[in-house]
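Participant: Coordinates in query05.cif, mmCIF, C-alpha atoms and all ligand atoms, are listed below.
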data_coords
loop_
_atom_site.label_atom_id
_atom_site.label_comp_id
_atom_site.auth_asym_id
_atom_site.auth_seq_id
_atom_site.Cartn_x
_atom_site.Cartn_y
_atom_site.Cartn_z
CA MET A 298 -4.51 -29.84 13.97
CA ILE A 299 -7.80 -30.01 15.86
CA PHE A 300 -10.51 -27.43 16.47
CA ASP A 301 -9.37 -24.74 18.85
CA PHE A 302 -12.46 -25.35 20.97
CA ALA A 303 -12.09 -29.15 21.06
CA ASN A 304 -11.33 -29.58 24.76
CA ALA A 305 -12.24 -33.16 25.68
CA LYS A 306 -11.41 -36.79 25.11
CA LEU A 307 -14.15 -38.85 23.50
CA LYS A 308 -15.32 -40.43 26.73
CA LYS A 309 -16.14 -37.12 28.43
CA ALA A 310 -17.45 -35.28 25.36
CA GLN A 311 -21.08 -34.29 24.80
CA THR A 312 -20.41 -33.33 21.20
CA VAL A 313 -18.20 -35.04 18.62
CA ILE A 314 -16.94 -33.12 15.60
CA LEU A 315 -16.39 -35.39 12.62
CA GLY A 316 -14.77 -34.39 9.32
CA ILE A 317 -16.15 -36.25 6.29
CA PRO A 318 -14.04 -35.13 3.31
CA PHE A 319 -16.13 -36.92 0.67
CA ASP A 320 -15.73 -35.04 -2.61
CA ARG A 321 -16.75 -37.12 -5.59
CA SER A 322 -19.82 -35.89 -7.47
CA SER A 323 -19.09 -32.18 -7.83
CA SER A 324 -20.63 -30.80 -11.00
CA TYR A 325 -19.08 -27.31 -10.79
CA VAL A 326 -16.21 -26.41 -8.42
CA PRO A 327 -14.64 -29.44 -6.68
CA GLY A 328 -12.55 -29.00 -3.52
CA ASN A 329 -14.91 -29.42 -0.58
CA ARG A 330 -12.82 -32.33 0.73
CA PHE A 331 -10.66 -29.63 2.34
CA GLY A 332 -13.60 -28.07 4.19
CA ALA A 333 -13.07 -29.56 7.64
CA SER A 334 -9.30 -28.94 7.58
CA PHE A 335 -9.75 -25.27 6.75
CA ALA A 336 -12.50 -24.88 9.35
CA ARG A 337 -10.04 -26.18 11.95
CA ILE A 338 -7.51 -23.53 10.92
CA GLY A 339 -10.23 -20.87 10.98
CA SER A 340 -11.20 -21.81 14.52
CA CYS A 341 -8.04 -20.04 15.78
CA ASN A 342 -9.74 -16.74 14.95
CA VAL A 343 -13.01 -17.47 16.78
CA GLU A 344 -13.90 -16.53 20.35
CA SER A 345 -15.40 -19.28 22.48
CA TYR A 346 -18.04 -16.87 23.75
CA SER A 347 -21.17 -16.57 21.59
CA PRO A 348 -22.97 -13.22 21.73
CA TYR A 349 -25.93 -14.85 19.98
CA PHE A 350 -26.52 -17.46 22.69
CA ASN A 351 -24.84 -15.49 25.47
CA GLN A 352 -22.93 -18.65 26.30
CA ASP A 353 -19.36 -19.81 26.25
CA LEU A 354 -18.37 -22.90 24.31
CA SER A 355 -15.65 -23.67 26.83
CA ASN A 356 -18.40 -24.77 29.23
CA TYR A 357 -19.22 -27.69 26.93
CA LYS A 358 -17.20 -30.84 26.37
CA ILE A 359 -16.24 -31.17 22.72
CA HIS A 360 -14.18 -33.84 21.01
CA ASP A 361 -12.64 -33.55 17.53
CA ALA A 362 -12.59 -37.03 15.98
CA GLY A 363 -10.59 -35.85 12.96
CA ASP A 364 -11.43 -36.71 9.36
CA LEU A 365 -12.61 -40.08 8.12
CA ALA A 366 -10.20 -41.73 5.64
CA LEU A 367 -12.57 -42.54 2.80
CA PRO A 368 -12.33 -44.67 -0.35
CA TYR A 369 -13.39 -41.88 -2.72
CA SER A 370 -14.22 -44.06 -5.68
CA SER A 371 -16.69 -46.27 -3.82
CA VAL A 372 -19.95 -44.71 -2.70
CA ILE A 373 -21.12 -47.97 -1.09
CA LYS A 374 -17.97 -48.40 1.00
CA THR A 375 -17.98 -44.71 1.93
CA PHE A 376 -21.60 -44.80 3.06
CA ARG A 377 -20.95 -47.96 5.07
CA GLN A 378 -18.01 -46.33 6.83
CA ILE A 379 -19.95 -43.16 7.62
CA GLN A 380 -22.92 -45.13 8.94
CA LYS A 381 -20.72 -47.30 11.13
CA THR A 382 -19.00 -44.24 12.61
CA VAL A 383 -22.30 -42.49 13.31
CA ARG A 384 -23.58 -45.68 14.98
CA LYS A 385 -20.52 -45.82 17.24
CA TYR A 386 -20.89 -42.25 18.52
CA THR A 387 -24.68 -42.36 18.76
CA LYS A 388 -24.57 -45.50 20.89
CA LEU A 389 -22.19 -43.67 23.21
CA GLY A 390 -24.86 -40.96 23.56
CA LYS A 391 -22.90 -38.23 21.73
CA HIS A 392 -24.23 -35.47 19.51
CA ILE A 393 -22.38 -35.52 16.21
CA LEU A 394 -21.55 -32.42 14.20
CA SER A 395 -20.31 -33.55 10.78
CA ILE A 396 -18.38 -31.33 8.41
CA GLY A 397 -18.42 -32.11 4.67
CA GLY A 398 -17.44 -32.78 2.06
CA GLU A 399 -20.28 -32.79 -0.38
CA HIS A 400 -23.90 -32.92 0.66
CA THR A 401 -24.13 -36.62 -0.23
CA VAL A 402 -22.64 -37.48 3.19
CA THR A 403 -25.95 -36.59 4.85
CA ILE A 404 -27.62 -39.69 3.36
CA PRO A 405 -25.75 -42.33 5.45
CA ILE A 406 -25.71 -40.07 8.53
CA VAL A 407 -29.49 -39.76 8.75
CA LYS A 408 -30.00 -43.33 7.56
CA GLU A 409 -28.23 -44.42 10.74
CA LEU A 410 -29.81 -41.80 13.01
CA VAL A 411 -33.35 -42.75 12.04
CA THR A 412 -32.75 -46.27 13.35
CA HIS A 413 -32.03 -44.71 16.76
CA TYR A 414 -34.69 -41.99 16.48
CA PRO A 415 -37.60 -43.45 14.45
CA GLU A 416 -39.54 -40.15 14.69
CA LEU A 417 -36.64 -38.10 13.32
CA ARG A 418 -37.41 -34.87 11.45
CA ILE A 419 -34.99 -33.27 8.99
CA ILE A 420 -34.48 -29.54 8.50
CA GLN A 421 -32.46 -28.60 5.43
CA PHE A 422 -31.08 -25.11 4.81
CA ASP A 423 -30.00 -25.04 1.18
CA ALA A 424 -30.15 -23.05 -2.04
CA HIS A 425 -30.92 -26.30 -3.89
CA SER A 426 -33.78 -28.72 -3.30
CA ASP A 427 -31.56 -31.77 -4.06
CA THR A 428 -34.62 -33.73 -5.13
CA ARG A 429 -33.43 -35.04 -8.52
CA ASP A 430 -33.68 -38.80 -8.89
CA GLN A 431 -30.27 -38.77 -10.54
CA LEU A 432 -27.73 -36.36 -11.97
CA LEU A 433 -26.04 -37.51 -15.19
CA GLY A 434 -27.01 -41.08 -14.34
CA ASP A 435 -25.65 -40.83 -10.76
CA LYS A 436 -28.15 -41.72 -8.03
CA TYR A 437 -25.79 -40.75 -5.20
CA SER A 438 -24.92 -37.17 -6.09
CA HIS A 439 -24.97 -33.83 -4.28
CA ALA A 440 -28.14 -33.12 -6.31
CA THR A 441 -30.08 -36.23 -5.18
CA VAL A 442 -29.59 -36.05 -1.41
CA ILE A 443 -33.14 -35.29 -0.35
CA LYS A 444 -34.63 -37.64 -2.93
CA ARG A 445 -32.58 -40.52 -1.48
CA ILE A 446 -33.40 -39.56 2.12
CA SER A 447 -37.13 -39.42 1.29
CA GLU A 448 -36.88 -43.12 0.41
CA PHE A 449 -36.41 -43.99 4.10
CA ILE A 450 -37.82 -40.93 5.90
CA PRO A 451 -41.35 -39.81 4.88
CA ALA A 452 -41.17 -36.64 2.77
CA ASP A 453 -43.56 -34.82 5.11
CA ARG A 454 -40.91 -35.08 7.84
CA ILE A 455 -38.32 -33.22 5.75
CA TYR A 456 -38.41 -29.41 5.82
CA GLN A 457 -36.50 -27.54 3.10
CA LEU A 458 -35.78 -23.84 3.61
CA GLY A 459 -33.95 -21.12 1.70
CA LEU A 460 -34.47 -22.83 -1.67
CA ARG A 461 -34.00 -20.87 -4.89
CA SER A 462 -32.35 -23.29 -7.32
CA ILE A 463 -35.08 -25.77 -8.16
CA THR A 464 -36.03 -27.82 -11.21
CA ARG A 465 -39.81 -27.36 -10.96
CA PRO A 466 -42.35 -25.35 -8.94
CA VAL A 467 -42.44 -26.18 -5.22
CA GLU A 468 -43.72 -29.70 -4.79
CA ASN A 469 -45.17 -29.65 -1.27
CA GLN A 470 -45.87 -27.51 1.76
CA ASN A 471 -42.49 -28.40 3.28
CA GLN A 472 -40.53 -26.47 0.67
CA TYR A 473 -39.92 -22.82 1.43
CA LEU A 474 -38.37 -20.39 -1.04
CA PHE A 475 -35.76 -17.66 -0.38
CA SER A 476 -36.12 -17.20 3.37
CA VAL A 477 -35.34 -19.37 6.38
CA LEU A 478 -36.14 -17.29 9.45
CA LYS A 479 -39.55 -16.21 8.16
CA TYR A 480 -40.83 -19.80 8.18
CA LEU A 481 -39.05 -21.28 11.17
CA ASP A 482 -41.83 -20.69 13.69
CA GLN A 483 -44.36 -22.64 11.64
CA VAL A 484 -41.81 -25.39 10.99
CA LYS A 485 -41.04 -25.55 14.72
CA ASN A 486 -44.72 -25.82 15.56
CA ARG A 487 -45.12 -28.72 13.16
CA ILE A 488 -42.07 -30.54 14.51
CA GLY A 489 -43.02 -30.08 18.17
CA HIS A 490 -41.06 -32.38 20.48
CA HIS A 491 -39.85 -34.80 17.84
CA PRO A 492 -36.09 -35.29 17.52
CA CYS A 493 -34.66 -33.20 14.75
CA TYR A 494 -31.56 -33.11 12.53
CA LEU A 495 -30.24 -30.00 10.74
CA THR A 496 -28.40 -30.36 7.46
CA LEU A 497 -26.85 -26.98 6.69
CA ASP A 498 -25.72 -26.62 3.11
CA ILE A 499 -23.66 -23.49 3.41
CA ASP A 500 -24.74 -22.35 -0.08
CA VAL A 501 -28.01 -21.27 1.55
CA LEU A 502 -26.04 -18.07 2.25
CA ASP A 503 -25.94 -15.54 -0.55
CA CYS A 504 -22.96 -16.29 -2.78
CA GLY A 505 -22.08 -12.57 -2.71
CA ILE A 506 -21.22 -12.83 0.99
CA PHE A 507 -20.14 -16.47 1.03
CA PRO A 508 -18.64 -17.53 -2.32
CA ALA A 509 -16.64 -20.46 -0.90
CA VAL A 510 -19.06 -23.12 -2.14
CA GLN A 511 -19.23 -25.79 -4.78
CA THR A 512 -22.38 -24.53 -6.53
CA PRO A 513 -22.97 -20.81 -5.87
CA VAL A 514 -26.48 -19.32 -6.15
CA PRO A 515 -27.45 -15.62 -5.77
CA ASN A 516 -30.26 -14.13 -3.69
CA GLY A 517 -29.51 -16.20 -0.62
CA ILE A 518 -29.87 -15.44 3.06
CA SER A 519 -27.65 -13.14 5.14
CA TYR A 520 -25.35 -14.01 8.05
CA GLN A 521 -27.80 -12.23 10.32
CA GLU A 522 -30.62 -14.50 9.20
CA LEU A 523 -28.50 -17.65 9.52
CA PHE A 524 -27.30 -16.89 13.05
CA ALA A 525 -30.78 -15.90 14.24
CA SER A 526 -32.18 -19.10 12.73
CA ILE A 527 -29.65 -21.29 14.51
CA VAL A 528 -30.61 -19.74 17.84
CA LYS A 529 -34.27 -20.40 17.09
CA LEU A 530 -33.56 -24.03 16.20
CA SER A 531 -31.99 -24.55 19.63
CA GLU A 532 -35.52 -24.66 21.09
CA LEU A 533 -36.06 -27.94 19.24
CA ASP A 534 -34.66 -31.33 20.28
CA MET A 535 -31.66 -31.20 17.92
CA VAL A 536 -29.95 -34.59 17.97
CA GLY A 537 -27.34 -33.89 15.31
CA CYS A 538 -26.32 -31.64 12.46
CA ASP A 539 -23.97 -31.22 9.58
CA ILE A 540 -22.44 -28.38 7.62
CA VAL A 541 -21.67 -29.33 4.03
CA GLU A 542 -20.57 -27.99 0.63
CA TYR A 543 -18.01 -25.56 2.03
CA ASN A 544 -15.22 -25.31 -0.55
CA PRO A 545 -12.16 -23.44 0.75
CA THR A 546 -10.33 -23.64 -2.58
CA THR A 547 -12.46 -20.96 -4.23
CA SER A 548 -11.56 -17.63 -2.64
CA ALA A 549 -10.21 -15.83 0.46
CA ASN A 550 -9.49 -19.21 2.04
CA LEU A 551 -8.67 -18.13 5.56
CA THR A 552 -11.50 -15.60 5.77
CA TYR A 553 -14.23 -18.11 4.98
CA ALA A 554 -12.51 -20.76 7.10
CA SER A 555 -13.02 -18.49 10.08
CA VAL A 556 -16.65 -17.81 9.14
CA VAL A 557 -17.35 -21.55 8.99
CA ALA A 558 -15.66 -22.13 12.36
CA GLU A 559 -17.87 -19.44 13.89
CA ILE A 560 -20.99 -21.08 12.46
CA ILE A 561 -19.77 -24.40 13.90
CA ARG A 562 -19.50 -22.79 17.34
CA GLU A 563 -23.16 -21.79 17.05
CA LEU A 564 -24.22 -25.24 15.84
CA ILE A 565 -22.60 -26.89 18.85
CA LEU A 566 -24.43 -24.53 21.20
CA MET A 567 -27.66 -25.17 19.27
CA MET A 568 -27.41 -28.92 19.92
CA ASN A 569 -26.73 -28.52 23.61
CA GLN A 570 -29.65 -26.35 24.69
CA VAL A 571 -32.29 -29.08 25.07
CA GLU A 572 -31.33 -32.20 26.97
CA THR A 573 -31.71 -35.15 24.62
CA PRO A 574 -33.05 -38.30 26.27
CA LYS A 575 -30.49 -41.11 26.43
CA ILE A 576 -31.01 -43.83 23.85
MN MN A 601 -26.87 -26.71 -2.14
#
Could you write out this file's structure as structure tokens?
Ligand SMILES: [Mn+2]

Facilitator:
Amino acid sequence: MIFDFANAKLKKAQTVILGIPFDRSSSYVPGNRFGASFARIGSCNVESYSPYFNQDLSNYKIHDAGDLALPYSSVIKTFRQIQKTVRKYTKLGKHILSIGGEHTVTIPIVKELVTHYPELRIIQFDAHSDTRDQLLGDKYSHATVIKRISEFIPADRIYQLGLRSITRPVENQNQYLFSVLKYLDQVKNRIGHHPCYLTLDIDVLDCGIFPAVQTPVPNGISYQELFASIVKLSELDMVGCDIVEYNPTTSANLTYASVVAEIIRELILMMNQVETPKI
């Protein structure tokens, strides 16, 4: 099965959808390896027209590259495979939308992208700051993602929004608690014309409205806020994005599958509003 709105072969596509079912370091509810598969099923229930962008997805060329077959037990081999795949599509000039899997997959994605876009900025929507150096001795965990990324992208180029599960008081001016939309204008002003990557940890949503996550946290943002924020982000030069930590095994599988597919529709439109210069 492929996404209902995947309408193009790789060669013609502007956007490539890539499933990355990496699911290794879960510390609460495992199961996010099934995220991309369920999102594909959910896409049957989603209109191609977006009332938020007032645009139709069928006017864009989209290719579904399927899921990577990953060696779950080896982080090094997994990262290498992800990086190689991102390199392949980036060299072809495609925008990649990756679907997790756990948040850890963002590390090799942006590690590769920053070699193509040295000025890359990162925007993270997430309940968690993911800035631990390690979790239970594991340096490559869903809780260490931003810490690892800050080792090859300067921390002042990483913007963290929607946080509310943190291990210490906010550490810098790039960390924003509870809201996303409220701070996006100032973040946008600081990013300017630099290329930008969105990592959307779906647990940024309130767990009361979106419980299908690995590590639920209350007092999150609403659907309204998320959709409005994605539209706002489209004014930036978005060169890629991911949606991670969706766990369809938790509850109301087909309902949340459809919600995720609808968010994916918006993310594709977000990436296609500003023409990205060819590499
Ligand atoms: Mn999170």

Participant: Please identify all polymer residues within 8 Å of region 550-566 of chain A, counting all atoms listed in the file, omitting same-chain residues fewer than 6 positions from it, and present them as a compact mmCIF listing (two decimals) with C-alpha atoms, in the frame of the given file.

Facilitator:
# COMPACT_ATOMS: atom_id res chain seq x y z
CA THR A 312 -20.41 -33.33 21.20
CA GLY A 332 -13.60 -28.07 4.19
CA PHE A 335 -9.75 -25.27 6.75
CA ALA A 336 -12.50 -24.88 9.35
CA ARG A 337 -10.04 -26.18 11.95
CA ILE A 338 -7.51 -23.53 10.92
CA GLY A 339 -10.23 -20.87 10.98
CA SER A 340 -11.20 -21.81 14.52
CA CYS A 341 -8.04 -20.04 15.78
CA ASN A 342 -9.74 -16.74 14.95
CA VAL A 343 -13.01 -17.47 16.78
CA SER A 345 -15.40 -19.28 22.48
CA SER A 347 -21.17 -16.57 21.59
CA PHE A 350 -26.52 -17.46 22.69
CA GLN A 352 -22.93 -18.65 26.30
CA LEU A 354 -18.37 -22.90 24.31
CA LEU A 394 -21.55 -32.42 14.20
CA PHE A 507 -20.14 -16.47 1.03
CA ALA A 509 -16.64 -20.46 -0.90
CA PHE A 524 -27.30 -16.89 13.05
CA ILE A 527 -29.65 -21.29 14.51
CA VAL A 528 -30.61 -19.74 17.84
CA SER A 531 -31.99 -24.55 19.63
CA CYS A 538 -26.32 -31.64 12.46
CA ILE A 540 -22.44 -28.38 7.62

Participant: If you measure from CA of Gln311 (chain A) to CA of Asp534 (chain A), what distance in Å do you get, rounded to one decimal?

Facilitator: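 About the pair CA of Gln311 (chain A) and CA of Asp534 (chain A): they are 14.6 Å apart.
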
Participant: Around ligand MN 601 (chain A), out to 10 Å and counting only C-alpha atoms and all ligand atoms, which residues are there? I want them as a PyMOL selection string.

Facilitator: chain A and resi 399-400+421-427+439-440+442+459-462+497-502+510-514+541-543

Participant: What is the CA of Phe449 (chain A) to CA of Ala362 (chain A) distance in Å?

Facilitator: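 It comes out at 27.5 Å.
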
Participant: Please, what distance in Å, to one decimal, runs between CA of Leu478 (chain A) and CA of Leu458 (chain A)?

Facilitator: 8.8 Å

Participant: Neighbouring residues of Phe319 (chain A) were defined as those with any atom within 8 Å, considering all atoms listed in the file; residues of the same chain fewer than 6 positions away were excluded. Please report them as an NGL selection string.

Facilitator: :A and (329-330 or 367 or 369 or 397-399 or 402)

Participant: May I have the residues within 7 Å of Gln472 (chain A) as a list in words, using only C-alpha atoms and disregarding those fewer than 5 positions away in the same chain?

Facilitator: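 Non-adjacent residues within range: Tyr456, Gln457, Leu458 and Val467 of chain A.
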
Participant: Would you pick out the contacts of Ser370 (chain A) at 9 Å or less, using only C-alpha atoms, so that residues sharing its chain but fewer than 4 positions from it are not included, and give the list as a list in words?

Facilitator: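 Those residues are Arg321, Lys374 and Thr375 of chain A.
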
Participant: Kindly indicate which residue among A:Ile396, A:Ser322, A:Thr428, A:Ile506 lies nearest to Glu468 (chain A), using all atoms listed in the file for the distances.

Facilitator: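 Under the stated criterion, the closest residue is A:Thr428.
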
Participant: Limit the output to N, CA and C atoms and give region 420-441 of chain A as a PDB file, in the first residue's frame.

Facilitator:
ATOM      1  N   ILE A 420      13.789  23.513  13.283  1.00  0.00           N
ATOM      2  CA  ILE A 420      12.648  23.838  14.152  1.00  0.00           C
ATOM      3  C   ILE A 420      12.096  22.521  14.667  1.00  0.00           C
ATOM      4  N   GLN A 421      11.973  22.432  15.969  1.00  0.00           N
ATOM      5  CA  GLN A 421      11.452  21.202  16.594  1.00  0.00           C
ATOM      6  C   GLN A 421      10.149  21.537  17.318  1.00  0.00           C
ATOM      7  N   PHE A 422       9.082  20.820  16.963  1.00  0.00           N
ATOM      8  CA  PHE A 422       7.840  20.879  17.745  1.00  0.00           C
ATOM      9  C   PHE A 422       7.826  19.609  18.578  1.00  0.00           C
ATOM     10  N   ASP A 423       7.722  19.742  19.890  1.00  0.00           N
ATOM     11  CA  ASP A 423       7.893  18.554  20.733  1.00  0.00           C
ATOM     12  C   ASP A 423       7.449  18.876  22.156  1.00  0.00           C
ATOM     13  N   ALA A 424       6.913  17.888  22.854  1.00  0.00           N
ATOM     14  CA  ALA A 424       6.646  18.064  24.283  1.00  0.00           C
ATOM     15  C   ALA A 424       7.950  17.990  25.077  1.00  0.00           C
ATOM     16  N   HIS A 425       8.913  17.236  24.530  1.00  0.00           N
ATOM     17  CA  HIS A 425      10.171  16.971  25.254  1.00  0.00           C
ATOM     18  C   HIS A 425      11.327  17.742  24.621  1.00  0.00           C
ATOM     19  N   SER A 426      12.278  18.155  25.441  1.00  0.00           N
ATOM     20  CA  SER A 426      13.422  18.894  24.884  1.00  0.00           C
ATOM     21  C   SER A 426      14.434  17.958  24.225  1.00  0.00           C
ATOM     22  N   ASP A 427      14.458  16.678  24.615  1.00  0.00           N
ATOM     23  CA  ASP A 427      15.391  15.698  24.027  1.00  0.00           C
ATOM     24  C   ASP A 427      16.844  16.145  24.118  1.00  0.00           C
ATOM     25  N   THR A 428      17.195  16.775  25.226  1.00  0.00           N
ATOM     26  CA  THR A 428      18.562  17.300  25.361  1.00  0.00           C
ATOM     27  C   THR A 428      19.392  16.530  26.392  1.00  0.00           C
ATOM     28  N   ARG A 429      18.945  15.352  26.800  1.00  0.00           N
ATOM     29  CA  ARG A 429      19.783  14.532  27.694  1.00  0.00           C
ATOM     30  C   ARG A 429      21.031  14.089  26.939  1.00  0.00           C
ATOM     31  N   ASP A 430      22.133  13.936  27.670  1.00  0.00           N
ATOM     32  CA  ASP A 430      23.330  13.405  27.020  1.00  0.00           C
ATOM     33  C   ASP A 430      23.166  11.909  26.773  1.00  0.00           C
ATOM     34  N   GLN A 431      22.492  11.243  27.693  1.00  0.00           N
ATOM     35  CA  GLN A 431      22.176   9.822  27.497  1.00  0.00           C
ATOM     36  C   GLN A 431      20.958   9.442  28.330  1.00  0.00           C
ATOM     37  N   LEU A 432      20.317   8.360  27.937  1.00  0.00           N
ATOM     38  CA  LEU A 432      19.202   7.836  28.718  1.00  0.00           C
ATOM     39  C   LEU A 432      19.531   6.383  29.052  1.00  0.00           C
ATOM     40  N   LEU A 433      19.673   6.108  30.332  1.00  0.00           N
ATOM     41  CA  LEU A 433      20.049   4.762  30.791  1.00  0.00           C
ATOM     42  C   LEU A 433      21.308   4.253  30.065  1.00  0.00           C
ATOM     43  N   GLY A 434      22.260   5.157  29.896  1.00  0.00           N
ATOM     44  CA  GLY A 434      23.530   4.784  29.281  1.00  0.00           C
ATOM     45  C   GLY A 434      23.520   4.797  27.757  1.00  0.00           C
ATOM     46  N   ASP A 435      22.354   5.107  27.152  1.00  0.00           N
ATOM     47  CA  ASP A 435      22.213   5.085  25.698  1.00  0.00           C
ATOM     48  C   ASP A 435      22.371   6.499  25.134  1.00  0.00           C
ATOM     49  N   LYS A 436      23.371   6.690  24.298  1.00  0.00           N
ATOM     50  CA  LYS A 436      23.605   8.023  23.721  1.00  0.00           C
ATOM     51  C   LYS A 436      22.723   8.300  22.507  1.00  0.00           C
ATOM     52  N   TYR A 437      22.177   7.242  21.906  1.00  0.00           N
ATOM     53  CA  TYR A 437      21.342   7.406  20.713  1.00  0.00           C
ATOM     54  C   TYR A 437      19.923   6.951  21.028  1.00  0.00           C
ATOM     55  N   SER A 438      19.241   7.786  21.798  1.00  0.00           N
ATOM     56  CA  SER A 438      17.904   7.451  22.286  1.00  0.00           C
ATOM     57  C   SER A 438      16.932   8.546  21.856  1.00  0.00           C
ATOM     58  N   HIS A 439      15.637   8.249  21.947  1.00  0.00           N
ATOM     59  CA  HIS A 439      14.627   9.272  21.625  1.00  0.00           C
ATOM     60  C   HIS A 439      14.736  10.482  22.545  1.00  0.00           C
ATOM     61  N   ALA A 440      15.451  10.335  23.676  1.00  0.00           N
ATOM     62  CA  ALA A 440      15.579  11.441  24.636  1.00  0.00           C
ATOM     63  C   ALA A 440      16.860  12.258  24.450  1.00  0.00           C
ATOM     64  N   THR A 441      17.697  11.868  23.483  1.00  0.00           N
ATOM     65  CA  THR A 441      18.990  12.561  23.305  1.00  0.00           C
ATOM     66  C   THR A 441      19.117  13.224  21.929  1.00  0.00           C
TER      67      THR A 441
END
